[in-house]
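Notes for the one structure printed next.
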Amino acid sequence: MRYGNLILCFWVVVLSLDAQNPTNFTLEEAVEYGIDRNNQLDIDKLEIEDADAQILEYWSRGIPKLNGSVQYQHFVDIPVSLVPAQFFGGMPGEFAEVQFGTNNRLEGALELSALLFDGGFFVGLKAQRLYKELRKRELVQSETEVRYNVTKAFLNVLVAQENVGILEQNIENLEANLSDAEANFEAGFIEKLDVDRIRLSLSTLEARRQSVEGNALIAANLLKFQMGYPIEEEIEVEGDLNSIFSSALVEEVEVEEPVNYNERMEYQIANKGLELSQVDISRLRAGYLPTLTGFASASRTLQRNDLFDDSEAGWLPATIVGVNMNFSLFDGFDRRAKIQRAKITQEKTIKEINQLERSIEMEVRNARINYNNAQTQSVNAQMNLDLAEEIYETTQIKFDEGVGSSVELRQAESDFYTAQSNHINAVYDLLDAYTELQKALGKI
């Protein structure tokens, strides 16, 4: 019993430690996780299932229907009818009471009906299928939004972590410098003012690190939200920012290059809406045609005073076959008004598509311009970082050799930190511009 308790405790500890370990995600894994757990995508998938059910429901209108019925009636009092008494030898003007039927009536019937012709049926079926295609494209559009949002949030976390790493490295280097400076001060080689300046720089970096770590936590929470990941649980991202940055470096894009609108899912959705509006007009026009329905029924009736008395009359058959035609002679201009409204809706959709084309054109052009600018800024930021690092290292050597001042060192140090910050911001701006460009082109 003691060993069983030990094993139980062991597994409790293991599971507790495993629950505390954060889950690691690459960019691709984060996107797939978000797609799998996004509520809007689940809703869109249910809409597609509902569209399938609507198609089946509509299609059932054209499938022959077969109904059956069984009815039993027991007449406690058989209905009485009045007939002229002279039919039975009575006096003219007088009436005699007679009863027709039996006390019991049992009837079984089958009824078959089928739609033979309906001008709007197949047009309506086409509309239902177009509606399903529209829902499918809306699902893809929702997936695109998830990819876009998760990607941007993921890059924010990577950049925040890079910022924290750079600051920690700078703090580590500055702590070493402070240790050396304190030793030199004790030996009388430098003034206390030089030591205080290093302490001030270190304090500034530590305060900045605390702020950047807070921003990293906020970025991680936003990523969890976009992924549908539990906010209270820890999460870690995996990825080389430099590799992602390199993959986003392409040749300068041509701003005036033609735009393929069909790459944008919202454009495809708008055109499906235009198709639906045309089908709706055709459906309404088909309503002027007659509707032809065929029907047939067969029944058997048993009428007896005693249902189980075979000496009475047997089953009596009745069979009917027919065709029913319905058509509208005058509907008070109702259908005409509906067609007019459908045409107005179609015109509005055409105008909206034209406006969407202009919007996509502007969005792509601006995204291309922003990307080219961001690429130029990233190159300049890298050059400035290399130069600032070289100046800082040279100034550090001069200070260590006693031929440079602490003011020059602190200025070079400040310029180096600023260049680092500008460089990481330029990296993020390029990645963000690349993401926006891919979204504008409909490739994300």
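A note on labels: chains of the structure tokens are A, B, ... as shown, every chain counts residues from 1, and ligands are counted from 1 in their shown order.
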
Quiz item: Got a sec to tell me which of stretch 46-75 of chain A DSSP assigns to strand (DSSP E), as an MDAnalysis selection string?
Solution: chainID A and resid 65:74

Excluding A:Ala248 and residues on its chain fewer than 3 positions from it, collect all residues at most 9 Å away from it, counting only C-alpha atoms, and give them as a PDB file with C-alpha atoms, in the first residue's frame.
```pdb
ATOM      1  CA  SER A 243      15.761  33.766 -40.830  1.00  0.00           C
ATOM      2  CA  ILE A 244      12.246  35.166 -41.017  1.00  0.00           C
ATOM      3  CA  PHE A 245      13.729  38.559 -41.820  1.00  0.00           C
ATOM      4  CA  LEU A 430      10.003  45.310 -42.740  1.00  0.00           C
ATOM      5  CA  LEU A 431       8.356  42.119 -41.483  1.00  0.00           C
ATOM      6  CA  TYR A 434       5.924  42.234 -45.909  1.00  0.00           C
ATOM      7  CA  THR A 435       2.934  40.739 -44.073  1.00  0.00           C
TER       8      THR A 435
END
```

Quiz prompt | stretch 392-403 of chain A environment, 10 Å, only C-alpha atoms, sequence neighbours closer than 2 positions dropped, as a PyMOL selection string | solution = chain A and resi 177+180-181+184+189-190+386-390+405-417

Any chance you could export the current selection's C-alpha atoms as an mmCIF file, in the first residue's frame?
```cif
data_model
loop_
_atom_site.group_PDB
_atom_site.id
_atom_site.type_symbol
_atom_site.label_atom_id
_atom_site.label_comp_id
_atom_site.auth_asym_id
_atom_site.auth_seq_id
_atom_site.Cartn_x
_atom_site.Cartn_y
_atom_site.Cartn_z
ATOM 1 C CA ASN A 177 32.529 47.458 -17.355
ATOM 2 C CA ASP A 180 36.443 47.051 -14.114
ATOM 3 C CA ALA A 181 35.714 50.739 -13.462
ATOM 4 C CA ASN A 184 40.304 51.197 -11.611
ATOM 5 C CA PHE A 189 43.231 55.453 -12.327
ATOM 6 C CA ILE A 190 39.769 57.021 -12.890
ATOM 7 C CA ASP A 386 27.574 48.400 -37.736
ATOM 8 C CA LEU A 387 29.040 51.894 -37.663
ATOM 9 C CA ALA A 388 27.799 52.647 -34.126
ATOM 10 C CA GLU A 389 29.166 49.320 -32.877
ATOM 11 C CA GLU A 390 32.556 50.053 -34.439
ATOM 12 C CA SER A 405 37.093 60.376 -21.794
ATOM 13 C CA SER A 406 34.158 58.769 -20.071
ATOM 14 C CA VAL A 407 31.871 61.341 -21.701
ATOM 15 C CA GLU A 408 32.920 60.120 -25.147
ATOM 16 C CA LEU A 409 32.417 56.512 -24.049
ATOM 17 C CA ARG A 410 28.944 57.181 -22.671
ATOM 18 C CA GLN A 411 27.952 59.057 -25.844
ATOM 19 C CA ALA A 412 29.229 56.232 -28.060
ATOM 20 C CA GLU A 413 27.433 53.756 -25.822
ATOM 21 C CA SER A 414 24.191 55.742 -26.054
ATOM 22 C CA ASP A 415 24.509 55.966 -29.852
ATOM 23 C CA PHE A 416 25.115 52.187 -30.029
ATOM 24 C CA TYR A 417 22.021 51.404 -27.951
#
```

Self-check item: Selection: 12 Å around A:Asp334, only C-alpha atoms, excl. self and same-chain fewer than 4 positions, as a list in words
Solution: Leu284, Arg285, Gly287, Tyr288, Ser328, Leu329, Phe330, Lys338, Ile339, Gln340 and Arg341 of chain A

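Nearest to A:Met325 of all the residues A:Leu46, A:Ala440, A:Leu289, A:Val70 is A:Leu289, counting only C-alpha atoms.
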
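Nearest-residue note for A:Thr151: choosing from A:Arg37, A:Lys136, A:Lys439, A:Arg304, the minimum distance belongs to A:Lys439, counting only C-alpha atoms.
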
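The closest residue to A:Ile63, picked from A:Leu116, A:Met265, A:Ala96, A:Ala187 and counting only C-alpha atoms, is A:Leu116.
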
Quiz item: Which residues come within 7 Å of stretch 192-202 of chain A, counting only C-alpha atoms, excluding same-chain residues fewer than 5 positions away, as a list in words?
Solution: Ile171, Leu174, Leu178, Ala181, Glu182, Phe185 and Ser406 of chain A
